[in-house]
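Data from query33.txt: compact mmCIF, C-alpha atoms and all ligand atoms
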```txt
# COMPACT_ATOMS: atom_id res chain seq x y z
CA MET A 1 0.00 0.00 0.00
CA SER A 2 1.30 3.51 -0.82
CA THR A 3 2.28 5.56 2.22
CA LEU A 4 -0.18 8.23 1.12
CA LYS A 5 -3.01 5.69 1.13
CA ALA A 6 -2.06 4.60 4.66
CA ARG A 7 -1.88 8.22 5.82
CA LEU A 8 -5.28 9.02 4.29
CA ALA A 9 -6.84 5.93 5.91
CA GLU A 10 -5.49 7.00 9.32
CA LYS A 11 -6.80 10.52 8.80
CA ILE A 12 -10.27 9.20 7.89
CA LYS A 13 -10.35 6.91 10.93
CA ALA A 14 -9.44 9.84 13.18
CA ASN A 15 -11.52 12.64 11.61
CA GLY A 16 -14.20 11.03 9.46
CA PRO A 17 -14.68 10.70 5.67
CA LEU A 18 -12.94 12.99 3.18
CA SER A 19 -14.75 14.91 0.48
CA LEU A 20 -13.80 13.76 -3.01
CA ALA A 21 -12.18 17.18 -3.54
CA ASP A 22 -9.92 16.75 -0.48
CA TYR A 23 -9.05 13.22 -1.60
CA MET A 24 -8.22 14.38 -5.14
CA HIS A 25 -6.16 17.30 -3.84
CA ALA A 26 -4.11 15.01 -1.57
CA ALA A 27 -3.63 12.35 -4.28
CA LEU A 28 -2.36 14.89 -6.83
CA SER A 29 -0.69 17.58 -4.74
CA ASP A 30 0.38 16.18 -1.35
CA PRO A 31 3.83 17.80 -0.96
CA GLN A 32 5.46 14.47 -0.10
CA ASP A 33 3.57 11.84 -2.11
CA GLY A 34 1.26 13.72 -4.52
CA TYR A 35 1.14 12.37 -8.06
CA TYR A 36 2.51 15.53 -9.73
CA MET A 37 5.08 16.20 -7.03
CA ARG A 38 7.36 13.28 -7.84
CA ARG A 39 7.22 12.49 -11.52
CA ALA A 40 6.74 13.58 -15.11
CA PRO A 41 3.84 11.30 -16.03
CA PHE A 42 3.74 12.06 -19.75
CA GLY A 43 4.58 9.61 -22.52
CA ALA A 44 3.17 7.89 -25.57
CA PRO A 45 1.87 4.35 -24.94
CA HIS A 46 4.60 1.70 -25.35
CA ALA A 47 7.23 4.18 -26.60
CA GLU A 48 8.17 6.30 -23.60
CA GLY A 49 6.12 4.78 -20.77
CA GLY A 50 4.37 7.29 -18.52
CA ASP A 51 0.68 7.23 -17.66
CA PHE A 52 -0.94 9.46 -20.28
CA THR A 53 -0.14 11.83 -23.10
CA THR A 54 -1.38 15.32 -24.00
CA ALA A 55 -1.80 17.30 -27.22
CA PRO A 56 1.58 19.11 -27.10
CA GLU A 57 3.30 15.79 -26.36
CA ILE A 58 1.53 14.16 -29.33
CA SER A 59 2.69 16.69 -31.91
CA GLN A 60 4.70 19.90 -32.29
CA MET A 61 1.83 21.10 -34.53
CA PHE A 62 -0.34 21.82 -31.47
CA GLY A 63 2.14 24.33 -29.99
CA GLU A 64 2.99 25.80 -33.39
CA LEU A 65 -0.65 26.58 -34.13
CA ILE A 66 -1.22 28.07 -30.66
CA GLY A 67 1.97 30.13 -31.17
CA ALA A 68 0.61 31.41 -34.47
CA TRP A 69 -2.69 32.18 -32.69
CA CYS A 70 -0.77 34.30 -30.14
CA ALA A 71 1.26 36.15 -32.80
CA ASP A 72 -1.87 36.84 -34.84
CA LEU A 73 -3.79 38.21 -31.85
CA TRP A 74 -0.84 40.34 -30.73
CA ALA A 75 -0.54 41.88 -34.22
CA ARG A 76 -4.29 42.54 -34.54
CA ALA A 77 -4.29 44.05 -31.01
CA GLY A 78 -1.95 46.78 -32.27
CA ALA A 79 1.38 45.08 -31.41
CA PRO A 80 1.57 46.20 -27.75
CA ALA A 81 5.10 47.04 -26.58
CA GLN A 82 5.05 44.46 -23.78
CA LEU A 83 3.21 41.13 -23.63
CA ASN A 84 3.12 38.45 -20.93
CA LEU A 85 2.51 34.89 -22.02
CA VAL A 86 1.25 32.89 -19.03
CA GLU A 87 0.73 29.13 -18.93
CA LEU A 88 -1.20 27.36 -16.16
CA GLY A 89 0.03 23.83 -15.41
CA PRO A 90 2.70 23.57 -18.13
CA GLY A 91 3.61 19.90 -17.53
CA ARG A 92 6.99 19.28 -19.19
CA GLY A 93 6.99 22.76 -20.80
CA THR A 94 6.59 21.29 -24.29
CA LEU A 95 3.70 23.55 -25.35
CA MET A 96 5.55 26.74 -24.40
CA ALA A 97 8.81 25.51 -25.96
CA ASP A 98 6.98 24.93 -29.27
CA ILE A 99 5.24 28.31 -28.98
CA CYS A 100 8.53 30.12 -28.31
CA ARG A 101 10.20 28.35 -31.24
CA THR A 102 7.33 29.48 -33.48
CA LEU A 103 7.42 33.03 -32.14
CA GLY A 104 11.20 33.16 -32.55
CA ARG A 105 10.53 33.47 -36.27
CA HIS A 106 8.73 36.73 -35.52
CA ALA A 107 11.56 38.70 -33.93
CA ASP A 108 9.33 41.76 -33.70
CA PHE A 109 7.01 39.77 -31.44
CA ALA A 110 9.54 37.74 -29.45
CA GLU A 111 11.47 40.72 -28.12
CA HIS A 112 8.35 42.05 -26.36
CA LEU A 113 7.59 38.79 -24.58
CA GLY A 114 7.70 37.74 -20.91
CA VAL A 115 6.98 34.06 -20.15
CA HIS A 116 5.35 33.07 -16.84
CA PHE A 117 4.50 29.58 -15.60
CA VAL A 118 1.99 28.82 -12.83
CA GLU A 119 3.12 25.44 -11.50
CA THR A 120 2.99 23.82 -8.06
CA SER A 121 5.23 20.80 -8.67
CA PRO A 122 8.96 21.39 -7.98
CA PHE A 123 9.73 18.28 -10.03
CA LEU A 124 7.89 19.58 -13.09
CA ARG A 125 9.34 23.07 -12.63
CA ALA A 126 12.78 21.53 -13.15
CA GLU A 127 11.56 19.80 -16.35
CA GLN A 128 10.07 23.07 -17.59
CA LYS A 129 13.30 24.97 -16.88
CA ARG A 130 15.18 22.64 -19.20
CA ARG A 131 12.85 23.47 -22.09
CA VAL A 132 12.03 27.13 -21.33
CA PRO A 133 14.96 28.48 -19.26
CA HIS A 134 13.87 32.11 -19.52
CA ALA A 135 10.44 31.56 -17.89
CA GLN A 136 9.48 32.90 -14.46
CA TRP A 137 7.63 30.61 -12.06
CA HIS A 138 4.64 31.28 -9.76
CA ASP A 139 2.57 29.22 -7.32
CA THR A 140 -0.63 30.99 -8.37
CA LEU A 141 -1.75 33.73 -10.76
CA ALA A 142 -1.67 36.22 -7.87
CA THR A 143 2.04 36.99 -8.34
CA VAL A 144 2.02 37.18 -12.16
CA PRO A 145 2.45 40.86 -13.14
CA ASP A 146 -0.75 42.40 -14.49
CA THR A 147 0.76 45.63 -15.80
CA ALA A 148 1.25 44.40 -19.40
CA LYS A 149 -1.21 42.80 -21.83
CA THR A 150 -1.46 39.09 -21.06
CA LEU A 151 -2.27 35.92 -22.99
CA VAL A 152 -3.09 33.00 -20.68
CA LEU A 153 -2.95 29.39 -21.89
CA ALA A 154 -4.16 26.29 -20.05
CA ASN A 155 -4.08 22.85 -21.66
CA GLU A 156 -5.35 19.94 -19.55
CA PHE A 157 -4.99 22.06 -16.40
CA PHE A 158 -8.59 22.48 -15.21
CA ASP A 159 -9.25 18.72 -15.40
CA ALA A 160 -6.58 18.24 -12.70
CA LEU A 161 -8.25 20.62 -10.21
CA PRO A 162 -10.31 18.88 -7.51
CA ILE A 163 -14.02 18.15 -7.95
CA SER A 164 -16.83 17.14 -5.61
CA GLN A 165 -19.67 14.82 -6.56
CA TYR A 166 -23.28 14.96 -5.37
CA THR A 167 -26.01 12.34 -5.84
CA ARG A 168 -29.59 13.47 -6.36
CA THR A 169 -32.04 11.97 -3.83
CA GLN A 170 -35.79 12.40 -3.27
CA ASN A 171 -35.03 15.05 -0.62
CA GLY A 172 -31.94 16.88 -1.83
CA TRP A 173 -28.29 16.05 -2.46
CA GLN A 174 -25.83 13.66 -0.81
CA GLU A 175 -22.11 14.35 -1.22
CA ILE A 176 -20.00 11.37 -2.27
CA THR A 177 -17.16 10.90 0.21
CA VAL A 178 -14.08 8.72 0.57
CA THR A 179 -14.00 6.51 3.64
CA VAL A 180 -12.37 3.32 4.96
CA GLU A 181 -13.93 -0.11 4.43
CA THR A 182 -14.74 -1.18 7.99
CA ALA A 183 -14.99 -4.89 7.16
CA ALA A 184 -11.51 -4.90 5.65
CA GLY A 185 -9.66 -5.06 8.99
CA GLU A 186 -6.03 -4.07 8.61
CA ASN A 187 -6.37 -3.68 4.87
CA ASN A 188 -7.39 0.01 4.97
CA ALA A 189 -9.26 -0.27 1.66
CA LEU A 190 -10.72 3.07 0.60
CA VAL A 191 -14.35 3.07 -0.53
CA TYR A 192 -17.00 5.62 -1.47
CA GLY A 193 -19.52 6.79 1.13
CA HIS A 194 -22.37 9.31 1.29
CA SER A 195 -22.84 12.37 3.49
CA GLN A 196 -26.09 13.59 5.05
CA GLU A 197 -28.57 15.09 2.60
CA ARG A 198 -28.39 18.83 1.87
CA GLU A 199 -30.73 21.10 0.00
CA ASN A 200 -28.40 22.80 -2.52
CA PRO A 201 -24.62 22.44 -2.33
CA PHE A 202 -23.88 24.26 -5.61
CA SER A 203 -22.57 27.74 -6.42
CA ALA A 204 -25.07 30.25 -7.81
CA ILE A 205 -23.60 29.86 -11.31
CA GLN A 206 -23.76 26.09 -11.27
CA SER A 207 -27.25 26.08 -9.71
CA ALA A 208 -28.48 28.07 -12.70
CA LEU A 209 -26.81 25.61 -15.09
CA LEU A 210 -28.05 22.25 -13.74
CA PRO A 211 -29.66 19.92 -16.30
CA ALA A 212 -33.37 20.69 -16.79
CA THR A 213 -34.44 17.25 -15.53
CA LEU A 214 -32.72 15.27 -12.81
CA ASP A 215 -33.66 11.83 -11.49
CA PRO A 216 -32.80 10.25 -8.14
CA GLY A 217 -29.35 8.67 -8.46
CA ASP A 218 -28.06 11.23 -10.96
CA ILE A 219 -24.58 12.54 -10.15
CA ILE A 220 -23.59 16.19 -10.54
CA GLU A 221 -19.94 17.25 -10.36
CA ALA A 222 -18.96 20.62 -8.92
CA SER A 223 -15.60 22.30 -8.52
CA PRO A 224 -15.18 25.38 -6.34
CA ALA A 225 -11.42 25.09 -7.05
CA ARG A 226 -11.96 25.48 -10.80
CA GLU A 227 -14.41 28.34 -10.28
CA GLN A 228 -11.87 30.10 -8.05
CA VAL A 229 -9.02 29.78 -10.58
CA MET A 230 -11.38 30.96 -13.33
CA ALA A 231 -12.47 33.96 -11.24
CA ASP A 232 -8.81 34.82 -10.54
CA LEU A 233 -8.01 34.51 -14.26
CA CYS A 234 -10.89 36.84 -15.17
CA THR A 235 -9.78 39.40 -12.57
CA HIS A 236 -6.25 39.24 -13.98
CA LEU A 237 -7.46 39.79 -17.56
CA ALA A 238 -9.76 42.61 -16.48
CA ARG A 239 -6.70 44.42 -15.04
CA SER A 240 -4.05 43.52 -17.64
CA GLY A 241 -6.17 43.34 -20.76
CA GLY A 242 -5.53 40.39 -23.05
CA ALA A 243 -7.06 36.99 -23.70
CA ALA A 244 -7.03 33.33 -22.66
CA LEU A 245 -7.33 29.91 -24.27
CA ILE A 246 -8.51 27.00 -22.12
CA VAL A 247 -8.31 23.54 -23.72
CA ASP A 248 -9.49 20.41 -21.95
CA TYR A 249 -11.81 17.45 -22.20
CA GLY A 250 -15.26 18.17 -21.00
CA TYR A 251 -18.82 19.16 -21.80
CA ALA A 252 -20.21 22.41 -23.12
CA ARG A 253 -23.81 21.94 -21.94
CA PRO A 254 -25.09 21.11 -18.44
CA ALA A 255 -24.89 17.36 -17.88
CA ALA A 256 -25.17 14.74 -15.15
CA GLY A 257 -22.76 11.82 -14.76
CA ASP A 258 -19.65 10.46 -13.07
CA SER A 259 -16.47 11.44 -14.95
CA PHE A 260 -13.98 10.96 -12.09
CA GLN A 261 -11.22 8.74 -13.45
CA ALA A 262 -7.71 7.48 -12.79
CA MET A 263 -5.06 6.57 -15.37
CA GLN A 264 -1.91 4.58 -14.86
CA HIS A 265 0.31 3.22 -17.64
CA HIS A 266 -2.27 4.38 -20.23
CA ALA A 267 -5.10 2.29 -18.70
CA PHE A 268 -8.03 3.19 -16.46
CA VAL A 269 -7.63 2.04 -12.86
CA ASP A 270 -9.74 2.38 -9.69
CA PRO A 271 -9.33 6.02 -8.49
CA LEU A 272 -9.27 4.88 -4.84
CA ASP A 273 -6.76 2.08 -5.34
CA SER A 274 -3.42 3.86 -5.15
CA PRO A 275 -3.60 7.62 -4.42
CA GLY A 276 -0.41 9.36 -5.55
CA GLU A 277 0.39 6.60 -8.07
CA ALA A 278 -2.25 7.33 -10.74
CA ASP A 279 -3.41 10.51 -12.47
CA LEU A 280 -6.85 11.61 -11.25
CA THR A 281 -9.02 13.84 -13.44
CA ALA A 282 -12.64 14.70 -14.15
CA HIS A 283 -14.22 16.24 -17.24
CA VAL A 284 -14.47 20.03 -17.22
CA ASN A 285 -17.89 21.70 -17.04
CA PHE A 286 -17.22 24.38 -19.69
CA ALA A 287 -20.73 25.82 -19.38
CA VAL A 288 -19.92 26.97 -15.83
CA LEU A 289 -16.51 28.45 -16.81
CA LEU A 290 -18.02 30.28 -19.80
CA GLN A 291 -20.85 31.77 -17.75
CA LEU A 292 -18.44 32.82 -15.00
CA ALA A 293 -16.22 34.62 -17.52
CA ARG A 294 -19.16 36.45 -19.07
CA GLU A 295 -20.43 37.51 -15.64
CA LYS A 296 -16.94 38.89 -14.91
CA GLY A 297 -17.26 41.11 -17.97
CA LEU A 298 -15.08 39.19 -20.45
CA GLN A 299 -16.09 38.52 -24.04
CA ALA A 300 -16.35 34.79 -24.75
CA PRO A 301 -17.43 33.26 -28.07
CA PRO A 302 -19.29 29.92 -28.04
CA ILE A 303 -17.14 27.00 -26.91
CA ALA A 304 -15.32 25.30 -29.80
CA GLN A 305 -14.27 21.68 -30.30
CA GLN A 306 -10.53 21.07 -30.54
CA GLY A 307 -10.66 19.48 -34.02
CA PRO A 308 -12.51 22.31 -35.82
CA PHE A 309 -10.52 24.89 -33.81
CA LEU A 310 -7.13 23.48 -34.88
CA ARG A 311 -8.32 23.05 -38.46
CA ALA A 312 -9.43 26.70 -38.54
CA LEU A 313 -5.93 27.65 -37.40
CA GLY A 314 -4.35 25.66 -40.24
CA LEU A 315 -3.71 22.14 -38.92
CA ASP A 316 -4.16 20.46 -42.31
CA GLN A 317 -1.88 22.95 -44.06
CA ARG A 318 0.82 22.61 -41.39
CA ALA A 319 0.65 18.79 -41.54
CA ALA A 320 0.99 18.89 -45.35
CA GLN A 321 3.92 21.30 -45.07
CA LEU A 322 5.74 19.09 -42.54
CA ALA A 323 5.08 15.98 -44.63
CA GLN A 324 6.48 17.69 -47.72
CA LYS A 325 9.70 18.43 -45.81
CA ASN A 326 9.85 14.87 -44.36
CA PRO A 327 8.15 12.52 -46.87
CA GLU A 328 9.33 9.45 -44.95
CA ALA A 329 7.34 10.68 -41.91
CA LEU A 330 4.07 11.21 -43.83
CA GLY A 331 2.18 8.42 -42.02
CA LYS A 332 3.34 9.57 -38.59
CA ILE A 333 2.47 13.22 -39.22
CA MET A 334 -1.00 12.42 -40.58
CA GLY A 335 -1.56 10.04 -37.66
CA GLU A 336 -0.74 12.85 -35.22
CA ARG A 337 -3.02 15.24 -37.09
CA ASP A 338 -5.85 12.72 -36.79
CA ARG A 339 -5.13 12.10 -33.12
CA LEU A 340 -5.51 15.83 -32.43
CA ALA A 341 -8.52 16.53 -34.64
CA ALA A 342 -10.51 13.43 -35.65
CA PRO A 343 -14.02 13.42 -34.12
CA ASP A 344 -13.53 9.94 -32.65
CA GLN A 345 -10.13 10.85 -31.16
CA MET A 346 -9.44 14.19 -29.39
CA GLY A 347 -11.28 16.33 -31.94
CA HIS A 348 -14.72 16.44 -30.35
CA LEU A 349 -14.17 15.40 -26.73
CA PHE A 350 -11.68 18.22 -26.18
CA LYS A 351 -13.19 21.70 -26.05
CA VAL A 352 -11.65 25.16 -26.39
CA LEU A 353 -12.86 28.14 -24.38
CA GLY A 354 -11.59 31.52 -25.55
CA LEU A 355 -11.84 34.68 -23.44
CA ARG A 356 -10.89 38.22 -24.26
CA HIS A 357 -10.94 41.64 -22.68
CA ARG A 358 -13.42 43.87 -24.53
CA ASP A 359 -10.50 45.93 -25.91
CA MET A 360 -9.05 42.89 -27.71
CA PRO A 361 -10.06 41.91 -31.28
CA PRO A 362 -12.11 38.71 -31.93
CA LEU A 363 -10.24 35.46 -31.37
CA ALA A 364 -9.16 33.33 -34.32
CA GLY A 365 -10.58 29.82 -34.55
CA PHE A 366 -13.96 30.59 -32.98
CA GLU A 367 -17.28 31.27 -34.61
CA ASP A 368 -17.15 35.02 -34.00
CA GLY A 369 -13.48 35.27 -35.00
CA SER A 370 -12.91 37.11 -38.26
CA LEU A 371 -9.92 35.89 -40.19
CA PRO A 372 -9.50 35.77 -43.96
CA ASP A 373 -6.94 32.91 -43.84
CA THR A 374 -5.62 30.40 -41.38
CA VAL A 375 -3.44 32.11 -38.78
CA SER A 376 -0.58 29.71 -39.41
CA GLU A 377 -0.42 30.81 -43.05
CA ALA A 378 -0.54 34.45 -42.08
CA HIS A 379 2.42 33.97 -39.71
CA ARG A 380 4.58 31.47 -41.56
C1 LIG A 401 -2.23 17.05 -16.96
S1 LIG A 401 -0.88 18.09 -16.62
C2 LIG A 401 -0.97 19.11 -18.07
C3 LIG A 401 0.37 19.40 -18.63
C4 LIG A 401 0.51 20.27 -19.85
N1 LIG A 401 -0.34 21.43 -19.83
C5 LIG A 401 0.33 19.51 -21.13
O1 LIG A 401 -0.59 19.79 -21.87
O2 LIG A 401 1.14 18.60 -21.40
C6 LIG A 401 -1.39 19.15 -15.31
C7 LIG A 401 -0.36 20.22 -14.93
O3 LIG A 401 -0.93 21.09 -13.96
C8 LIG A 401 -0.09 21.19 -12.82
N2 LIG A 401 -0.97 21.49 -11.68
C9 LIG A 401 -1.89 20.69 -11.11
N3 LIG A 401 -2.56 21.34 -10.13
C10 LIG A 401 -2.04 22.59 -10.10
C11 LIG A 401 -2.33 23.76 -9.32
N4 LIG A 401 -3.28 23.77 -8.40
N5 LIG A 401 -1.63 24.89 -9.58
C12 LIG A 401 -0.67 24.90 -10.54
N6 LIG A 401 -0.36 23.83 -11.32
C13 LIG A 401 -1.03 22.70 -11.09
C14 LIG A 401 0.63 19.87 -12.80
O4 LIG A 401 1.77 19.86 -11.99
C15 LIG A 401 0.91 19.69 -14.29
O5 LIG A 401 1.99 20.51 -14.69
```
The structure in this file should be written as C-alpha cells.
Amino acid sequence: MSTLKARLAEKIKANGPLSLADYMHAALSDPQDGYYMRRAPFGAPHAEGGDFTTAPEISQMFGELIGAWCADLWARAGAPAQLNLVELGPGRGTLMADICRTLGRHADFAEHLGVHFVETSPFLRAEQKRRVPHAQWHDTLATVPDTAKTLVLANEFFDALPISQYTRTQNGWQEITVTVETAAGENNALVYGHSQERENPFSAIQSALLPATLDPGDIIEASPAREQVMADLCTHLARSGGAALIVDYGYARPAAGDSFQAMQHHAFVDPLDSPGEADLTAHVNFAVLLQLAREKGLQAPPIAQQGPFLRALGLDQRAAQLAQKNPEALGKIMGERDRLAAPDQMGHLFKVLGLRHRDMPPLAGFEDGSLPDTVSEAHR
C-alpha cells in the first residue's frame, strides 16, 4: 500500500470521511507523495512509458498553431510594446517551448515577450526549466504581473483541479465521500460513502446551469477550485487586458454523470486504489466556466471543439507542409493530425474556451473570429 493511502486511511479513521475534492487534492498535490510532485507522467503508450499523453506531447503542430494564434492576436491588437505569455500547469513545458520556437521566427514579437509559468510541482518546474529556461515561475496567478497585456494558456490544467460529486435523492443532495472499508480489517481499503442530505450544495452559477431534468441517483460534479481559478483569471485579464485559451476534455452543456477517473500506464484504474500513483481527473464543465467569464465582464465566443478549432488555425496545411519536408514521416504526421482533430479521437471530446478583454479583437478559430486565412499561413 502507498504511504499516502495509509496516511489518508489513518486521517479518515481519526476525523471522518474525506470529500472527493480533499481526496483528489491530496492524491495529486500532497507535498510528499502527490502524483505531480514526484514524476513527469507524460509519454506515448509503449514508446516512452508514462501514464498518459497530451496534445503538445503528441505533436509539435499543437504548440505551433497556438503560437501562431498568439502572434496573430498580438498583431491585430496593435502590437503592444510588452506582452506576458502565461501558462497554467505547463507539464513538461513542451507547449511553451513549441510556442517560443514558433514566435522566434517573428523577432518583432519575441522581443516584447515575458513568459510566466503557474506550477505547483517542484519536479515539473525543473523539467520546464530545461525546455524554457527564460520563464518565471509562480505558485498561483496572484504573483504574475498584471501591468502588461497578457495571454493566458491552459491545456489539460482544469481537469486536474479537484471536484466534488453529489447524488440526487428524493429530498436533496448527498455528497459522495471517501472513507475506509470497515470490514476490511487491517487492509485500509478506501471506498465511497455518502454524506447527510443537503438542499443545494452548488454555487449560484452552477445552480443556474443544472440539467433541466434530474432523477434520483443522478450525479452532478462541482468544482469550487476550478471556479476560483477561473475567477482569478478573469480578474487578472480585467486588469491587464488580453485573452485566454482553455483547452481540456469536458462538456459544453449542463450534464449529469460520473467522470472521475484514474489513469496509470495508459489504462483506467480504480481512483481509490493507489492515491499518488495514478493521475486523477474529471471532465471540465465548460458551461460553468463560460458563464463565469461572461459575468466577470469578459467577451467569450461559443465553446469550440478542438478538431474544428485546430483546423481553422491551419492544422491540415501545417501537416501537409511538414510531410512535404519529411516525406518518410508522412504516415506519422498524418496520424498525429488525426489524433488531435478526428471526431472519434481528441477532436470532439476536447473543447476550447476563448476569453478576451473587450479591448481585444475577436479570437481566431472561434465562430465570432474574423480571419480571412488560417493564422498559421498568415504567420509562416
Ligand atoms: C495534466 S498536466 C498538463 C500538462 C501540460 N499542460 C500539457 O498539456 O502537457 C497538469 C499540470 O498542472 C499542474 N498542476 C496541477 N494542479 C495545479 C495547481 N493547483 N496549480 C498549478 N499547477 C497545477 C501539474 O503539476 C501539471 O503541470
Quiz item: What does the distance from CA of Ala77 in chain A to CA of Arg239 in chain A come to in Å, to one decimal?
Solution: 16.2 Å
Quiz item: Which residues sit within 9 Å of ligand LIG 401 (chain A), counting all atoms listed in the file, listed as an MDAnalysis selection string?
Solution: chainID A and resid 25 28:29 35:37 40:42 52:57 87:95 117:125 128 138:141 153:162 225 229 247:248 279 281
Save out the residues we just selected, C-alpha atoms, as a PDB file, keeping the file's coordinate frame.
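What ended up in part_1.pdb:
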```pdb
ATOM      1  CA  HIS A  25      -6.160  17.300  -3.840  1.00  0.00           C
ATOM      2  CA  LEU A  28      -2.360  14.890  -6.830  1.00  0.00           C
ATOM      3  CA  SER A  29      -0.690  17.580  -4.740  1.00  0.00           C
ATOM      4  CA  TYR A  35       1.140  12.370  -8.060  1.00  0.00           C
ATOM      5  CA  TYR A  36       2.510  15.530  -9.730  1.00  0.00           C
ATOM      6  CA  MET A  37       5.080  16.200  -7.030  1.00  0.00           C
ATOM      7  CA  ALA A  40       6.740  13.580 -15.110  1.00  0.00           C
ATOM      8  CA  PRO A  41       3.840  11.300 -16.030  1.00  0.00           C
ATOM      9  CA  PHE A  42       3.740  12.060 -19.750  1.00  0.00           C
ATOM     10  CA  PHE A  52      -0.940   9.460 -20.280  1.00  0.00           C
ATOM     11  CA  THR A  53      -0.140  11.830 -23.100  1.00  0.00           C
ATOM     12  CA  THR A  54      -1.380  15.320 -24.000  1.00  0.00           C
ATOM     13  CA  ALA A  55      -1.800  17.300 -27.220  1.00  0.00           C
ATOM     14  CA  PRO A  56       1.580  19.110 -27.100  1.00  0.00           C
ATOM     15  CA  GLU A  57       3.300  15.790 -26.360  1.00  0.00           C
ATOM     16  CA  GLU A  87       0.730  29.130 -18.930  1.00  0.00           C
ATOM     17  CA  LEU A  88      -1.200  27.360 -16.160  1.00  0.00           C
ATOM     18  CA  GLY A  89       0.030  23.830 -15.410  1.00  0.00           C
ATOM     19  CA  PRO A  90       2.700  23.570 -18.130  1.00  0.00           C
ATOM     20  CA  GLY A  91       3.610  19.900 -17.530  1.00  0.00           C
ATOM     21  CA  ARG A  92       6.990  19.280 -19.190  1.00  0.00           C
ATOM     22  CA  GLY A  93       6.990  22.760 -20.800  1.00  0.00           C
ATOM     23  CA  THR A  94       6.590  21.290 -24.290  1.00  0.00           C
ATOM     24  CA  LEU A  95       3.700  23.550 -25.350  1.00  0.00           C
ATOM     25  CA  PHE A 117       4.500  29.580 -15.600  1.00  0.00           C
ATOM     26  CA  VAL A 118       1.990  28.820 -12.830  1.00  0.00           C
ATOM     27  CA  GLU A 119       3.120  25.440 -11.500  1.00  0.00           C
ATOM     28  CA  THR A 120       2.990  23.820  -8.060  1.00  0.00           C
ATOM     29  CA  SER A 121       5.230  20.800  -8.670  1.00  0.00           C
ATOM     30  CA  PRO A 122       8.960  21.390  -7.980  1.00  0.00           C
ATOM     31  CA  PHE A 123       9.730  18.280 -10.030  1.00  0.00           C
ATOM     32  CA  LEU A 124       7.890  19.580 -13.090  1.00  0.00           C
ATOM     33  CA  ARG A 125       9.340  23.070 -12.630  1.00  0.00           C
ATOM     34  CA  GLN A 128      10.070  23.070 -17.590  1.00  0.00           C
ATOM     35  CA  HIS A 138       4.640  31.280  -9.760  1.00  0.00           C
ATOM     36  CA  ASP A 139       2.570  29.220  -7.320  1.00  0.00           C
ATOM     37  CA  THR A 140      -0.630  30.990  -8.370  1.00  0.00           C
ATOM     38  CA  LEU A 141      -1.750  33.730 -10.760  1.00  0.00           C
ATOM     39  CA  LEU A 153      -2.950  29.390 -21.890  1.00  0.00           C
ATOM     40  CA  ALA A 154      -4.160  26.290 -20.050  1.00  0.00           C
ATOM     41  CA  ASN A 155      -4.080  22.850 -21.660  1.00  0.00           C
ATOM     42  CA  GLU A 156      -5.350  19.940 -19.550  1.00  0.00           C
ATOM     43  CA  PHE A 157      -4.990  22.060 -16.400  1.00  0.00           C
ATOM     44  CA  PHE A 158      -8.590  22.480 -15.210  1.00  0.00           C
ATOM     45  CA  ASP A 159      -9.250  18.720 -15.400  1.00  0.00           C
ATOM     46  CA  ALA A 160      -6.580  18.240 -12.700  1.00  0.00           C
ATOM     47  CA  LEU A 161      -8.250  20.620 -10.210  1.00  0.00           C
ATOM     48  CA  PRO A 162     -10.310  18.880  -7.510  1.00  0.00           C
ATOM     49  CA  ALA A 225     -11.420  25.090  -7.050  1.00  0.00           C
ATOM     50  CA  VAL A 229      -9.020  29.780 -10.580  1.00  0.00           C
ATOM     51  CA  VAL A 247      -8.310  23.540 -23.720  1.00  0.00           C
ATOM     52  CA  ASP A 248      -9.490  20.410 -21.950  1.00  0.00           C
ATOM     53  CA  ASP A 279      -3.410  10.510 -12.470  1.00  0.00           C
ATOM     54  CA  THR A 281      -9.020  13.840 -13.440  1.00  0.00           C
TER      55      THR A 281
END
```
Quiz item: Taking all atoms listed in the file into account, which of A:Asp51, A:Asp273, A:Asp258, A:Glu181 comes nearest Ala27 in chain A?
Solution: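 Once distances to Ala27 in chain A are computed over all atoms listed in the file, the minimum belongs to A:Asp273.
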Quiz item: Between A:Val191, A:Val269, A:Gly250, A:Ala126, which one has atoms that come closest to Arg39 in chain A, using all atoms listed in the file?
Solution: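 The answer is A:Ala126, which sits nearest to Arg39 in chain A.
Of the residues under consideration (A:Phe62, A:Phe109, A:Tyr166, A:Trp173), A:Phe109 shows the shortest atom-to-atom contact distance to Gln82 in chain A when counting only C-alpha atoms.
With only C-alpha atoms taken into account, the protein and nucleic acid residues at most 10 Å from Met334 in chain A (excluding it and anything under 3 positions from it in its own chain) are Asp316, Ala319, Ala320, Leu322, Ala323, Ala329, Leu330, Gly331, Arg337, Asp338, Arg339 and Leu340 of chain A.
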Self-check item: Gap from CA of Ala135 in chain A to CA of Cys100 in chain A - Å, one decimal
Solution: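 About the pair CA of Ala135 in chain A and CA of Cys100 in chain A: they are 10.7 Å apart.
Considering all atoms listed in the file, the residue among A:Glu10, A:Asp30, A:Glu295, A:Glu336 positioned nearest to Leu315 in chain A is A:Glu336.
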Practice problem: One decimal, Å: what's the distance from CA of Pro361 in chain A over to CA of Gly78 in chain A, could you say? | Solution: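 Computed distance, CA of Pro361 in chain A to CA of Gly78 in chain A, equals 9.5 Å.
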Find the smallest box with edges along x, y and z containing every listed atom of range 26-36 of chain A, then add 8 Å on each side and report centre and edge lengths in Å to one decimal, as JSON.
```
{"center_x": 0.7, "center_y": 14.8, "center_z": -4.9, "size_x": 25.6, "size_y": 22.0, "size_z": 25.6}
```
Take range 363-367 of chain A, bring it up to N, CA and C atoms, and give me the output as a short mmCIF file (atom, residue, chain, number, x, y, z; two decimals), in the coordinates of the input.
```
data_model
loop_
_atom_site.label_atom_id
_atom_site.label_comp_id
_atom_site.auth_asym_id
_atom_site.auth_seq_id
_atom_site.Cartn_x
_atom_site.Cartn_y
_atom_site.Cartn_z
N LEU A 363 -11.26 36.51 -31.43
CA LEU A 363 -10.24 35.46 -31.37
C LEU A 363 -10.33 34.56 -32.59
N ALA A 364 -9.18 34.24 -33.17
CA ALA A 364 -9.16 33.33 -34.32
C ALA A 364 -9.58 31.93 -33.89
N GLY A 365 -10.23 31.22 -34.80
CA GLY A 365 -10.58 29.82 -34.55
C GLY A 365 -11.95 29.61 -33.97
N PHE A 366 -12.62 30.70 -33.56
CA PHE A 366 -13.96 30.59 -32.98
C PHE A 366 -14.98 31.16 -33.96
N GLU A 367 -16.24 30.86 -33.67
CA GLU A 367 -17.28 31.27 -34.61
C GLU A 367 -17.35 32.76 -34.83
#
```
